[in-house]
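Q: Hey, dropping model.csv in here, CSV, C-alpha atoms (C1' of nucleotides):
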```csv
chain,number,residue,atom,x,y,z
Y,282,MET,CA,39.1,-0.2,28.5
Y,283,GLN,CA,38.8,1.5,25.1
Y,284,PRO,CA,35.5,0.8,23.4
Y,285,THR,CA,35.7,-1.4,20.3
Y,286,ARG,CA,36.0,0.6,17.1
Y,287,VAL,CA,33.2,-0.3,14.8
Y,288,ILE,CA,32.1,0.6,11.3
Y,289,PHE,CA,28.4,-0.3,10.6
Y,290,PHE,CA,27.2,-1.1,7.1
Y,291,GLY,CA,23.4,-1.1,6.5
Y,292,THR,CA,20.6,0.3,4.5
Y,293,GLY,CA,17.2,-1.3,5.0
Y,294,ASN,CA,14.8,-1.5,8.0
Y,295,PHE,CA,16.3,-4.9,8.9
Y,296,ALA,CA,19.5,-3.1,10.0
Y,297,VAL,CA,17.9,-0.4,12.1
Y,298,SER,CA,17.5,-2.2,15.3
Y,299,SER,CA,21.1,-3.5,15.2
Y,300,LEU,CA,22.4,0.0,14.6
Y,301,ARG,CA,20.4,1.4,17.5
Y,302,TYR,CA,21.7,-1.3,19.7
Y,303,MET,CA,25.4,-0.8,18.6
Y,304,ALA,CA,25.1,2.9,19.1
Y,305,LYS,CA,23.7,2.5,22.6
Y,306,ASP,CA,26.1,-0.1,24.0
Y,307,THR,CA,29.1,1.8,25.5
Y,308,ARG,CA,31.4,-1.2,24.8
Y,309,TYR,CA,31.3,-0.1,21.2
Y,310,ASP,CA,32.1,3.1,19.4
Y,311,VAL,CA,30.3,3.3,16.1
Y,312,MET,CA,32.6,5.7,14.3
Y,313,LEU,CA,31.0,5.5,10.9
Y,314,VAL,CA,27.7,4.3,9.3
Y,315,VAL,CA,28.0,3.4,5.6
Y,316,THR,CA,24.7,3.3,3.8
Y,317,GLN,CA,23.5,3.5,0.2
Y,318,PRO,CA,23.1,6.9,-1.4
Y,319,ASP,CA,19.8,8.7,-1.2
Y,320,ARG,CA,17.6,7.5,-4.1
Y,321,PRO,CA,14.9,9.4,-5.9
Y,322,GLN,CA,11.6,8.1,-4.7
Y,323,GLY,CA,8.0,9.0,-4.9
Y,324,ARG,CA,6.0,11.0,-7.5
Y,325,LYS,CA,8.2,14.0,-7.2
Y,326,GLN,CA,11.5,12.1,-7.5
Y,327,GLU,CA,12.5,13.4,-4.1
Y,328,TYR,CA,15.7,12.0,-2.7
Y,329,ILE,CA,14.8,9.9,0.3
Y,330,PRO,CA,17.5,8.8,2.8
Y,331,SER,CA,17.6,5.1,3.7
Y,332,PRO,CA,16.1,3.9,7.0
Y,333,VAL,CA,19.6,3.4,8.3
Y,334,LYS,CA,20.7,6.9,7.4
Y,335,GLN,CA,17.7,8.4,9.1
Y,336,ALA,CA,18.3,6.3,12.2
Y,337,ALA,CA,22.0,7.2,12.2
Y,338,LEU,CA,21.4,10.9,11.9
Y,339,ARG,CA,19.0,10.8,14.8
Y,340,LEU,CA,21.7,8.9,16.8
Y,341,GLY,CA,24.2,11.6,16.0
Y,342,LEU,CA,26.4,9.2,14.1
Y,343,GLU,CA,28.6,10.0,11.1
Y,344,VAL,CA,27.1,8.8,7.8
Y,345,TRP,CA,28.8,8.1,4.6
Y,346,GLN,CA,27.1,7.2,1.4
Y,347,PRO,CA,29.6,6.2,-1.2
Y,348,GLU,CA,28.3,5.4,-4.7
Y,349,SER,CA,31.1,2.8,-5.0
Y,350,ILE,CA,33.2,1.2,-2.2
Y,351,LYS,CA,35.6,-0.6,-4.5
Y,352,GLU,CA,37.7,2.3,-5.4
Y,353,ALA,CA,41.0,2.9,-3.7
Y,354,ILE,CA,39.9,6.2,-2.2
Y,355,ALA,CA,36.9,4.6,-0.5
Y,356,LEU,CA,39.1,1.8,0.9
Y,357,ALA,CA,41.5,4.4,2.2
Y,358,ARG,CA,38.7,6.2,4.0
Y,359,ILE,CA,37.5,3.1,5.7
Y,360,ARG,CA,41.0,2.1,6.7
Y,361,SER,CA,41.5,5.6,8.1
Y,362,TYR,CA,39.1,4.8,10.9
Y,363,GLN,CA,41.2,1.8,12.0
Y,364,PRO,CA,38.1,-0.3,12.9
Y,365,ASP,CA,38.5,-3.3,15.1
Y,366,VAL,CA,35.5,-4.9,13.6
Y,367,MET,CA,32.7,-4.1,11.1
Y,368,VAL,CA,29.1,-5.1,11.2
Y,369,LEU,CA,26.8,-5.4,8.2
Y,370,ALA,CA,23.1,-5.9,7.8
Y,371,SER,CA,21.0,-5.3,4.7
Y,372,TYR,CA,23.5,-3.1,3.1
Y,373,GLY,CA,22.7,-4.0,-0.5
Y,374,LYS,CA,26.2,-3.9,-2.1
Y,375,ILE,CA,28.8,-6.6,-2.6
Y,376,LEU,CA,32.0,-6.0,-0.7
Y,377,SER,CA,35.4,-6.7,-2.1
Y,378,GLN,CA,38.0,-8.9,-0.5
Y,379,GLU,CA,40.0,-5.7,0.3
Y,380,ILE,CA,37.2,-4.5,2.5
Y,381,LEU,CA,36.8,-7.8,4.2
Y,382,ASP,CA,40.4,-7.7,5.2
Y,383,ILE,CA,40.5,-4.2,6.7
Y,384,ALA,CA,39.4,-4.9,10.3
Y,385,PRO,CA,41.4,-7.3,12.4
Y,386,HIS,CA,38.2,-9.1,13.4
Y,387,GLY,CA,36.8,-9.0,9.9
Y,388,ILE,CA,33.2,-8.1,9.1
Y,389,LEU,CA,30.2,-9.7,10.6
Y,390,ASN,CA,26.9,-10.1,8.8
Y,391,LEU,CA,23.4,-10.4,10.1
Y,392,HIS,CA,21.2,-12.4,7.7
Y,393,GLY,CA,17.5,-12.8,8.0
Y,394,SER,CA,17.3,-16.6,7.7
Y,395,LEU,CA,18.7,-19.7,9.4
Y,396,LEU,CA,21.7,-20.2,7.2
Y,397,PRO,CA,22.5,-22.2,5.2
Y,398,GLN,CA,18.9,-21.9,4.3
Y,399,LEU,CA,17.9,-19.0,2.1
Y,400,ARG,CA,21.2,-17.5,1.1
Y,401,GLY,CA,20.6,-14.4,-1.0
Y,402,ALA,CA,18.8,-11.2,-1.3
Y,403,SER,CA,15.2,-12.0,-0.2
Y,404,PRO,CA,15.3,-14.4,2.8
Y,405,ILE,CA,12.3,-12.8,4.5
Y,406,GLN,CA,10.0,-12.7,1.6
Y,407,THR,CA,11.0,-16.2,0.5
Y,408,ALA,CA,10.4,-17.7,3.9
Y,409,ILE,CA,6.8,-16.3,3.8
Y,410,ALA,CA,6.2,-17.1,0.1
Y,411,GLN,CA,7.3,-20.7,0.6
Y,412,GLY,CA,5.3,-21.2,3.7
Y,413,TYR,CA,8.2,-21.9,6.1
Y,414,GLN,CA,7.1,-22.8,9.6
Y,415,GLU,CA,10.3,-21.4,11.1
Y,416,THR,CA,12.9,-18.9,10.1
Y,417,GLY,CA,15.3,-16.7,12.1
Y,418,VAL,CA,18.5,-14.7,12.1
Y,419,THR,CA,22.1,-15.7,11.6
Y,420,LEU,CA,25.2,-13.9,12.8
Y,421,MET,CA,28.1,-14.9,10.7
Y,422,VAL,CA,31.6,-13.9,9.6
Y,423,MET,CA,31.6,-12.8,6.0
Y,424,ASP,CA,33.7,-14.3,3.4
Y,425,ASN,CA,33.9,-13.6,-0.3
Y,426,LYS,CA,30.9,-15.7,-1.3
Y,427,MET,CA,27.4,-14.6,-0.6
Y,428,ASP,CA,26.1,-15.6,2.8
Y,429,HIS,CA,28.7,-18.4,2.8
Y,430,GLY,CA,31.0,-17.6,5.8
Y,431,PRO,CA,31.2,-19.5,9.1
Y,432,LEU,CA,28.4,-19.1,11.6
Y,433,LEU,CA,28.6,-17.5,15.0
Y,434,ALA,CA,25.1,-17.7,16.3
Y,435,GLN,CA,21.5,-18.2,15.2
Y,436,GLN,CA,18.1,-17.6,16.7
Y,437,ALA,CA,15.0,-19.2,15.3
Y,438,LEU,CA,11.5,-17.8,15.2
Y,439,THR,CA,8.3,-19.8,14.7
Y,440,LEU,CA,6.0,-18.4,12.1
Y,441,THR,CA,2.3,-18.2,12.6
Y,442,GLY,CA,1.4,-18.2,8.9
Y,443,LYS,CA,-0.1,-14.7,9.2
Y,444,GLU,CA,2.9,-12.4,9.1
Y,445,THR,CA,3.6,-10.0,6.2
Y,446,THR,CA,7.1,-9.1,5.1
Y,447,PRO,CA,7.3,-5.7,7.0
Y,448,GLU,CA,6.0,-7.4,10.2
Y,449,LEU,CA,8.5,-10.3,9.9
Y,450,GLU,CA,11.3,-7.9,9.1
Y,451,THR,CA,10.6,-6.0,12.3
Y,452,LEU,CA,10.7,-9.1,14.4
Y,453,LEU,CA,13.9,-10.4,12.8
Y,454,ALA,CA,15.5,-7.0,13.0
Y,455,ASP,CA,15.1,-7.1,16.8
Y,456,ILE,CA,16.4,-10.7,16.9
Y,457,GLY,CA,19.4,-9.5,15.0
Y,458,ALA,CA,20.1,-6.8,17.6
Y,459,GLU,CA,19.7,-9.4,20.3
Y,460,LEU,CA,22.3,-11.7,18.6
Y,461,LEU,CA,24.8,-8.9,18.6
Y,462,ARG,CA,24.1,-8.1,22.2
Y,463,LYS,CA,24.6,-11.8,23.2
Y,464,HIS,CA,27.5,-12.8,21.0
Y,465,LEU,CA,29.5,-10.0,19.6
Y,466,GLN,CA,31.7,-9.5,22.6
Y,467,ASN,CA,32.3,-13.2,22.9
Y,468,TYR,CA,33.5,-13.3,19.3
Y,469,LEU,CA,35.8,-10.4,19.9
Y,470,ASP,CA,37.1,-12.1,23.1
Y,471,GLY,CA,37.8,-15.2,21.2
Y,472,THR,CA,35.5,-17.3,23.4
Y,473,LEU,CA,33.0,-17.9,20.6
Y,474,ALA,CA,34.4,-19.7,17.6
Y,475,ALA,CA,32.9,-19.6,14.1
Y,476,GLN,CA,31.6,-22.8,12.7
Y,477,GLU,CA,31.7,-23.7,9.0
Y,478,GLN,CA,28.2,-23.9,7.4
Y,479,ARG,CA,26.8,-27.2,6.1
Y,480,HIS,CA,27.3,-26.0,2.6
Y,481,HIS,CA,25.6,-29.0,1.0
Y,482,ALA,CA,22.3,-28.0,2.7
Y,483,ALA,CA,22.3,-24.5,1.3
Y,484,THR,CA,19.3,-23.1,-0.4
Y,485,PHE,CA,19.1,-19.8,-2.2
Y,486,CYS,CA,16.7,-16.9,-2.9
Y,487,GLN,CA,16.9,-14.3,-5.6
Y,488,ARG,CA,16.5,-10.5,-5.5
Y,489,ILE,CA,12.9,-9.7,-6.1
Y,490,LYS,CA,11.8,-8.1,-9.3
Y,491,LYS,CA,8.8,-6.1,-10.1
Y,492,GLU,CA,7.3,-8.8,-12.3
Y,493,ASP,CA,7.5,-11.2,-9.3
Y,494,GLY,CA,4.4,-9.4,-8.0
Y,495,ILE,CA,2.2,-10.6,-10.9
Y,496,ILE,CA,-0.4,-13.1,-9.7
Y,497,ASP,CA,-0.6,-16.4,-11.5
Y,498,TRP,CA,-4.1,-17.6,-11.0
Y,499,GLU,CA,-3.2,-21.2,-12.0
Y,500,LYS,CA,-1.4,-21.5,-8.6
Y,501,SER,CA,-3.2,-22.6,-5.5
Y,502,ALA,CA,-5.0,-20.3,-3.2
Y,503,VAL,CA,-2.6,-21.3,-0.4
Y,504,ASP,CA,0.4,-20.2,-2.5
Y,505,LEU,CA,-1.3,-17.0,-3.6
Y,506,GLU,CA,-2.2,-15.9,-0.1
Y,507,ARG,CA,1.4,-16.4,0.9
Y,508,HIS,CA,2.4,-14.4,-2.1
Y,509,LEU,CA,0.2,-11.5,-0.9
Y,510,ARG,CA,1.9,-11.5,2.5
Y,511,ALA,CA,5.4,-11.9,1.1
Y,512,TYR,CA,5.4,-9.3,-1.7
Y,513,THR,CA,4.0,-6.4,0.3
Y,514,PRO,CA,4.7,-3.6,0.2
Y,515,TRP,CA,6.8,-4.1,-2.9
Y,516,PRO,CA,6.3,-5.1,-5.6
Y,517,GLY,CA,2.8,-5.9,-4.4
Y,518,SER,CA,0.6,-8.7,-5.7
Y,519,TYR,CA,-1.2,-7.5,-8.7
Y,520,THR,CA,-3.3,-8.7,-11.6
Y,521,TYR,CA,-5.1,-6.9,-14.4
Y,522,TRP,CA,-8.9,-6.2,-14.7
Y,523,LYS,CA,-10.2,-4.5,-17.8
Y,524,GLY,CA,-6.8,-3.4,-18.7
Y,525,LYS,CA,-6.2,-1.8,-15.3
Y,526,LYS,CA,-3.8,-2.9,-12.7
Y,527,LEU,CA,-5.5,-4.3,-9.6
Y,528,THR,CA,-3.5,-4.9,-6.5
Y,529,LEU,CA,-4.7,-7.3,-3.9
Y,530,HIS,CA,-3.6,-6.3,-0.4
Y,531,LYS,CA,-5.4,-8.8,1.7
Y,532,ALA,CA,-7.2,-12.1,1.1
Y,533,LEU,CA,-8.1,-15.4,2.8
Y,534,VAL,CA,-7.9,-18.9,1.5
Y,535,SER,CA,-11.0,-20.9,0.8
Y,536,HIS,CA,-10.7,-24.5,-0.1
Y,537,GLU,CA,-13.9,-24.4,-2.0
Y,538,GLN,CA,-13.0,-25.4,-5.6
Y,539,SER,CA,-14.8,-23.2,-8.1
Y,540,PRO,CA,-15.7,-24.7,-11.5
Y,541,LEU,CA,-14.9,-21.4,-13.1
Y,542,SER,CA,-11.6,-21.0,-14.8
Y,543,PRO,CA,-8.7,-19.6,-12.7
Y,544,GLY,CA,-8.8,-15.8,-12.4
Y,545,THR,CA,-12.6,-15.5,-12.6
Y,546,VAL,CA,-14.3,-13.4,-9.9
Y,547,TYR,CA,-17.4,-14.8,-8.4
Y,548,ALA,CA,-19.8,-14.2,-5.4
Y,549,MET,CA,-19.4,-16.9,-2.9
Y,550,PRO,CA,-22.6,-17.4,-0.9
Y,551,SER,CA,-22.0,-17.0,2.8
Y,552,PRO,CA,-22.7,-20.1,4.9
Y,553,SER,CA,-24.5,-18.0,7.5
Y,554,SER,CA,-28.1,-17.4,6.6
Y,555,ARG,CA,-30.1,-14.8,4.6
Y,556,GLY,CA,-28.8,-11.5,5.9
Y,557,SER,CA,-25.1,-11.7,5.2
Y,558,LEU,CA,-23.5,-10.4,2.1
Y,559,ALA,CA,-21.9,-12.8,-0.3
Y,560,LYS,CA,-18.1,-12.9,-0.2
Y,561,ILE,CA,-16.1,-12.0,-3.2
Y,562,ALA,CA,-13.8,-14.7,-4.3
Y,563,ILE,CA,-11.5,-15.5,-7.2
Y,564,SER,CA,-11.1,-18.9,-8.6
Y,565,CYS,CA,-7.5,-20.3,-8.4
Y,566,GLY,CA,-5.8,-23.3,-9.8
Y,567,LYS,CA,-6.7,-25.0,-6.5
Y,568,GLY,CA,-9.2,-23.4,-4.1
Y,569,SER,CA,-10.2,-19.8,-4.1
Y,570,LEU,CA,-9.1,-16.5,-2.7
Y,571,VAL,CA,-11.6,-14.6,-0.7
Y,572,VAL,CA,-10.8,-10.9,-1.3
Y,573,GLU,CA,-10.7,-8.5,1.6
Y,574,GLU,CA,-8.8,-5.4,0.4
Y,575,VAL,CA,-8.0,-4.2,-3.1
Y,576,GLN,CA,-6.7,-1.2,-4.9
Y,577,LEU,CA,-7.4,-0.4,-8.5
Y,578,GLU,CA,-4.9,1.7,-10.5
Y,579,GLY,CA,-5.4,5.3,-9.7
Y,580,LYS,CA,-7.7,4.6,-6.7
Y,581,LYS,CA,-7.2,4.3,-3.1
Y,582,LEU,CA,-6.9,1.0,-1.1
Y,583,LEU,CA,-10.4,-0.1,-0.3
Y,584,PRO,CA,-12.1,-2.8,1.7
Y,585,ILE,CA,-13.9,-5.1,-0.7
Y,586,GLU,CA,-17.3,-3.9,0.4
Y,587,ALA,CA,-16.6,-0.4,-0.5
Y,588,PHE,CA,-14.9,-1.4,-3.8
Y,589,MET,CA,-18.0,-3.4,-4.8
Y,590,ARG,CA,-20.3,-0.5,-4.2
Y,591,GLY,CA,-18.4,1.5,-6.8
Y,592,CYS,CA,-17.6,-1.5,-9.1
Y,593,PRO,CA,-20.5,-4.0,-8.8
Y,594,LYS,CA,-19.5,-5.4,-12.2
Y,595,PHE,CA,-16.4,-6.8,-10.7
Y,596,VAL,CA,-18.2,-10.1,-10.1
Y,597,GLY,CA,-17.9,-12.2,-13.3
Y,598,GLY,CA,-14.7,-10.3,-14.3
Y,599,ILE,CA,-11.7,-12.1,-15.6
Y,600,LEU,CA,-8.3,-11.3,-14.1
Y,601,LEU,CA,-5.3,-11.5,-16.3
Y,602,ARG,CA,-1.5,-11.5,-16.0
Y,603,ALA,CA,-1.1,-8.5,-18.4
Y,604,PRO,CA,-3.1,-5.4,-19.3
Y,605,GLN,CA,-4.1,-6.8,-22.8
E,46,C,C1',7.9,21.4,-16.7
E,47,G,C1',8.4,13.1,-16.5
E,48,C,C1',3.4,10.1,-18.0
E,49,G,C1',-1.6,8.9,-16.5
E,50,G,C1',-6.3,8.4,-13.2
E,51,G,C1',-9.0,11.1,-9.6
E,52,G,C1',-11.5,15.0,-5.9
E,53,U,C1',-19.7,15.2,-6.2
E,54,A,C1',-23.8,13.7,1.3
E,55,G,C1',-20.3,9.7,6.6
E,56,A,C1',-18.2,5.6,2.6
E,57,G,C1',-17.8,4.0,-2.5
E,58,C,C1',-19.4,5.9,-7.1
E,59,A,C1',-22.7,7.9,-11.6
E,60,G,C1',-23.6,12.5,-13.8
E,61,U,C1',-19.0,16.3,-17.1
E,62,C,C1',-18.2,14.6,-23.8
E,63,U,C1',-23.6,17.3,-25.7
E,64,G,C1',-24.4,23.5,-19.8
E,65,G,C1',-30.8,23.4,-17.9
E,66,C,C1',-34.4,20.3,-10.8
E,67,A,C1',-28.0,17.2,-7.0
E,68,G,C1',-28.4,11.3,-8.3
E,69,C,C1',-27.2,5.7,-7.2
E,70,U,C1',-25.6,1.8,-3.8
E,71,C,C1',-24.4,1.5,1.3
E,72,G,C1',-24.3,3.7,6.1
E,73,U,C1',-26.9,7.0,9.8
E,74,C,C1',-31.7,8.6,12.2
E,75,U,C1',-37.2,7.8,12.9
E,76,G,C1',-41.3,4.6,12.5
E,77,G,C1',-43.3,-0.3,10.9
E,78,C,C1',-43.2,-5.7,10.4
E,79,U,C1',-41.0,-9.9,13.1
E,80,C,C1',-40.0,-15.1,18.2
E,81,A,C1',-35.8,-12.7,16.1
E,82,U,C1',-32.1,-10.4,12.7
E,83,A,C1',-27.0,-7.7,9.4
E,84,A,C1',-33.3,-9.4,6.2
E,85,C,C1',-38.0,-6.8,4.6
E,86,C,C1',-41.5,-2.2,4.4
E,87,A,C1',-42.4,3.3,5.0
E,88,G,C1',-40.2,7.9,5.9
E,89,A,C1',-36.2,11.5,7.2
E,90,A,C1',-31.7,14.0,7.9
E,91,G,C1',-27.2,14.8,5.5
E,92,G,C1',-23.9,18.9,-0.4
E,93,U,C1',-19.2,25.4,-0.6
E,94,C,C1',-20.0,19.2,-6.6
E,95,G,C1',-11.4,20.3,-3.9
E,96,A,C1',-10.3,26.1,-4.0
E,97,G,C1',-10.2,30.8,-6.7
E,98,G,C1',-11.3,33.4,-11.1
E,99,G,C1',-13.6,33.7,-16.1
E,100,U,C1',-17.6,32.8,-20.1
E,101,U,C1',-23.1,32.4,-19.9
E,102,C,C1',-29.9,34.1,-18.9
E,103,A,C1',-28.0,29.6,-16.5
E,104,A,C1',-21.8,25.9,-14.7
E,105,A,C1',-20.6,19.7,-11.0
E,106,U,C1',-20.5,20.2,-16.6
E,107,C,C1',-17.0,25.0,-20.9
E,108,C,C1',-12.0,28.2,-20.2
E,109,C,C1',-7.7,29.7,-16.9
E,110,U,C1',-4.9,29.3,-12.3
E,111,C,C1',-3.9,26.7,-7.8
E,112,C,C1',-4.3,22.8,-4.0
E,113,C,C1',-4.7,17.7,-2.6
E,114,C,C1',-5.1,12.1,-3.3
E,115,C,C1',-3.7,7.7,-6.2
E,116,G,C1',-1.2,4.5,-10.1
E,117,C,C1',3.3,4.4,-13.4
E,118,A,C1',8.2,5.6,-12.9
E,119,A,C1',12.5,5.3,-9.2
```
In structure tokens, how does this file's structure come out?
A:
Amino acid sequence: MQPTRVIFFGTGNFAVSSLRYMAKDTRYDVMLVVTQPDRPQGRKQEYIPSPVKQAALRLGLEVWQPESIKEAIALARIRSYQPDVMVLASYGKILSQEILDIAPHGILNLHGSLLPQLRGASPIQTAIAQGYQETGVTLMVMDNKMDHGPLLAQQALTLTGKETTPELETLLADIGAELLRKHLQNYLDGTLAAQEQRHHAATFCQRIKKEDGIIDWEKSAVDLERHLRAYTPWPGSYTYWKGKKLTLHKALVSHEQSPLSPGTVYAMPSPSSRGSLAKIAISCGKGSLVVEEVQLEGKKLLPIEAFMRGCPKFVGGILLRAPQ
RNA sequence: CGCGGGGUAGAGCAGUCUGGCAGCUCGUCUGGCUCAUAACCAGAAGGUCGAGGGUUCAAAUCCCUCCCCCGCAA
């Protein structure tokens, strides 16, 4: 039997496991990998290929990076491969109806949430930021509304409350590949039918902006600790101290309520006796954040002990939302 | 030539403006104290001050060139 002709769309890390799986399974022939163009990154403005492009090249697959896939010439190129089905994960561009119609079996999407929860651009970060106890991956048939098409399969994952975005993304990426392995063939055979989403239950999440990383000290310590895990590595969770940007990388929640105004740094006496060093905490709207790793603008990421050696005046400092 | 911060003992930093003994906190090692300790006391080791060149009686410090790290930006 001829392998199924597949075109894969993807850009971010979330898509890499799926691509590797599709390339390896001999039932499928990944004829083309469509990914976003290389973007200038880093201090030298070097053009960095997307994670999917790097993986595709290593797998020896053909890569295409169109700036726009709406134009007729782009559509013609995709049609020329005569794909049976297309698979998309973390691609980052909206597809037109013309593209959705190209393959006989349409285009399937892997989405990093349990749809209809968290439709949109940041399901992984939002699940962490909002303290979800469970999230997962959905395999669905795309239609012309965002994350709206009928469902094929889902797999849930229980959250520990410790995971960061890159960690969770890796876990979900593997689940995505697993969903393809279990269900893609059944869908193509017609033995797995797609089921309409419960649209009234849909929730949504926005694309993350740089300003979303700013820490609002009026919020609770519980919310801010989730913020730290959700918004790493980008845009980071940051605040301003003496006009300089200070990024918090790691912190723990303390339910001790400080009388100091939110955003004030203080030394929290350690419960264990004389010898131990005081912990460094920041007063929040509710509770306190015990700081573990920080990075001051222009400096390296440091454990709090090392940071305090160089910046003992940090205690008593006021952290603000803007440089001032 | 995108903008800015930085490189000084194992770690984090001060000292640079205004040239004149290589410093601070912590760690490490030795000894002491102690029922005991991450505490306390006494002592010690540990430096190509990122690299090269220049100016000077004298350079971490001033001038030139280069390398590397970080933030912004993307």
Q: Excluding same-chain residues fewer than 3 positions from G76 (chain E), what lies within 12 Å of it counting all atoms listed in the file, as a PDB file with C-alpha atoms (C1' of nucleotides), keeping the file's coordinate frame?
A:
```pdb
ATOM      1  C1'   C E  86     -41.500  -2.200   4.400  1.00  0.00           C
ATOM      2  C1'   A E  87     -42.400   3.300   5.000  1.00  0.00           C
ATOM      3  C1'   G E  88     -40.200   7.900   5.900  1.00  0.00           C
ATOM      4  C1'   A E  89     -36.200  11.500   7.200  1.00  0.00           C
TER       5        A E  89
END
```
Q: Could you give me, as a PyMOL selection string, the residues within 8 Å of C115 (chain E), counting all atoms listed in the file and dropping anything in the same chain fewer than 3 positions from it?
A: (chain Y and resi 578-581) or (chain E and resi 50-51)
Q: Go ahead and find all residues with at least one atom no further than 10 Å from (22.2, -25.5, 2.8) in the file's coordinates, using only C-alpha atoms (C1' of nucleotides); report them as number ranges by chain.
A: Y: 395-400, 429, 478-485
Q: Write down, as a VMD selection string, each residue of chain E that has any atom within 6 Å of an atom of chain Y, counting all atoms listed in the file.
A: chain E and resid 50 57 to 58 70 83 to 84 115 to 116 119
Q: Excluding region 95-97 of chain E and its own-chain neighbours fewer than 3 positions away, which residues fall within 12 Å of it when counting only C-alpha atoms (C1' of nucleotides)? Please give them as a list in words.
A: G51, G52, U53, A105, C109, U110, C111, C112, C113 and C114 of chain E
Q: Work out how far apart CA of Pro332 (chain Y) and C1' of A118 (chain E) are and give it in Å to one decimal.
A: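 C1' of A118 (chain E) lies 21.5 Å from CA of Pro332 (chain Y).
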Q: Could you please determine the separation between CA of Gly291 (chain Y) and CA of Ser331 (chain Y) in Å, to one decimal place?
A: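 Distance reported for this atom pair: 8.9 Å.
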Q: Work out how far apart CA of Val287 (chain Y) and CA of Val344 (chain Y) are and give it in Å to one decimal.
A: 13.0 Å
Q: If I put a ball of radius 10 Å at (-9.6, -13.5, -9.1) in the file's coordinates, which residues poke into it when counting all atoms listed in the file, written as a list of chain:residue names?
A: Y:Ile496, Y:Asp497, Y:Trp498, Y:Thr520, Y:Tyr521, Y:Trp522, Y:Leu529, Y:Ser542, Y:Pro543, Y:Gly544, Y:Thr545, Y:Val546, Y:Tyr547, Y:Ile561, Y:Ala562, Y:Ile563, Y:Ser564, Y:Cys565, Y:Ser569, Y:Leu570, Y:Val571, Y:Val572, Y:Phe595, Y:Val596, Y:Gly597, Y:Gly598, Y:Ile599, Y:Leu600, Y:Leu601
Q: Y:Ile350, Y:Leu300, Y:Ile388, Y:Ala511: which is nearest Met367 (chain Y), counting all atoms listed in the file?
A: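 Closest to Met367 (chain Y) of all the choices is Y:Ile388.
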Q: Between Y:Lys490, Y:Leu433, Y:Ile409, Y:Arg339, single out the one closest to Gly471 (chain Y), counting only C-alpha atoms.
A: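 Going through Y:Lys490, Y:Leu433, Y:Ile409, Y:Arg339 one by one, the smallest distance to Gly471 (chain Y) is for Y:Leu433.
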Q: Under the rule that all atoms listed in the file are counted, which of Y:Gln411, Y:Gly566, Y:Thr451, Y:Gly430 is the nearest residue to Leu509 (chain Y)?
A: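 Closest to Leu509 (chain Y) of all the choices is Y:Gln411.
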Q: Using all atoms listed in the file for the distances, tell me which of Y:Val315, Y:Met421, Y:Ala296, Y:Leu389 is nearest to Glu348 (chain Y).
A: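 Among the listed residues, Y:Val315 lies closest to Glu348 (chain Y).
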Q: Give me, as CSV, each residue of region 507-554 of chain Y that comes within 9 Å of region 434-445 of chain Y, together with its shortest interatomic pair and the distance in Å at one decimal, counting all atoms listed in the file, with rows ordered by chain and rising residue number.
A:
```
residue,atom,partner,partner_atom,distance
Y:Arg507,CA,Y:Gly442,CA,8.2
Y:Leu509,CA,Y:Thr445,CA,8.0
Y:Arg510,CA,Y:Thr445,CA,4.3
Y:Ala511,CA,Y:Thr445,CA,5.7
Y:Tyr512,CA,Y:Thr445,CA,8.1
Y:Thr513,CA,Y:Thr445,CA,6.9
Y:Pro514,CA,Y:Thr445,CA,8.8
```
Q: Between Y:Ser501, Y:Gln335, Y:Asn294, Y:Thr285, single out the one closest to Asp306 (chain Y), counting all atoms listed in the file.
A: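 Closest to Asp306 (chain Y) of all the choices is Y:Thr285.
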Q: Please provide as an MDAnalysis selection string all residues within 10 Å of A90 (chain E), with the sequence filter that same-chain residues fewer than 6 positions apart are discarded (counting only C-alpha atoms (C1' of nucleotides)).
A: chainID E and resid 73:75
Q: Measuring atom to atom with all atoms listed in the file, identify which of Y:Gly393, Y:Pro604, Y:Pro284, Y:Gly387 is nearest to Lys305 (chain Y).
A: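 The shortest atom-to-atom distance to Lys305 (chain Y) comes from Y:Pro284.
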Q: Listed atoms of region 89-104 of chain E, axis-aligned box, 4 Å per side: centre and edge lengths to one decimal in Å, as AutoDock Vina command-line options?
A:
```
--center_x -23.2 --center_y 22.8 --center_z -6.1 --size_x 34.0 --size_y 30.6 --size_z 36.0
```
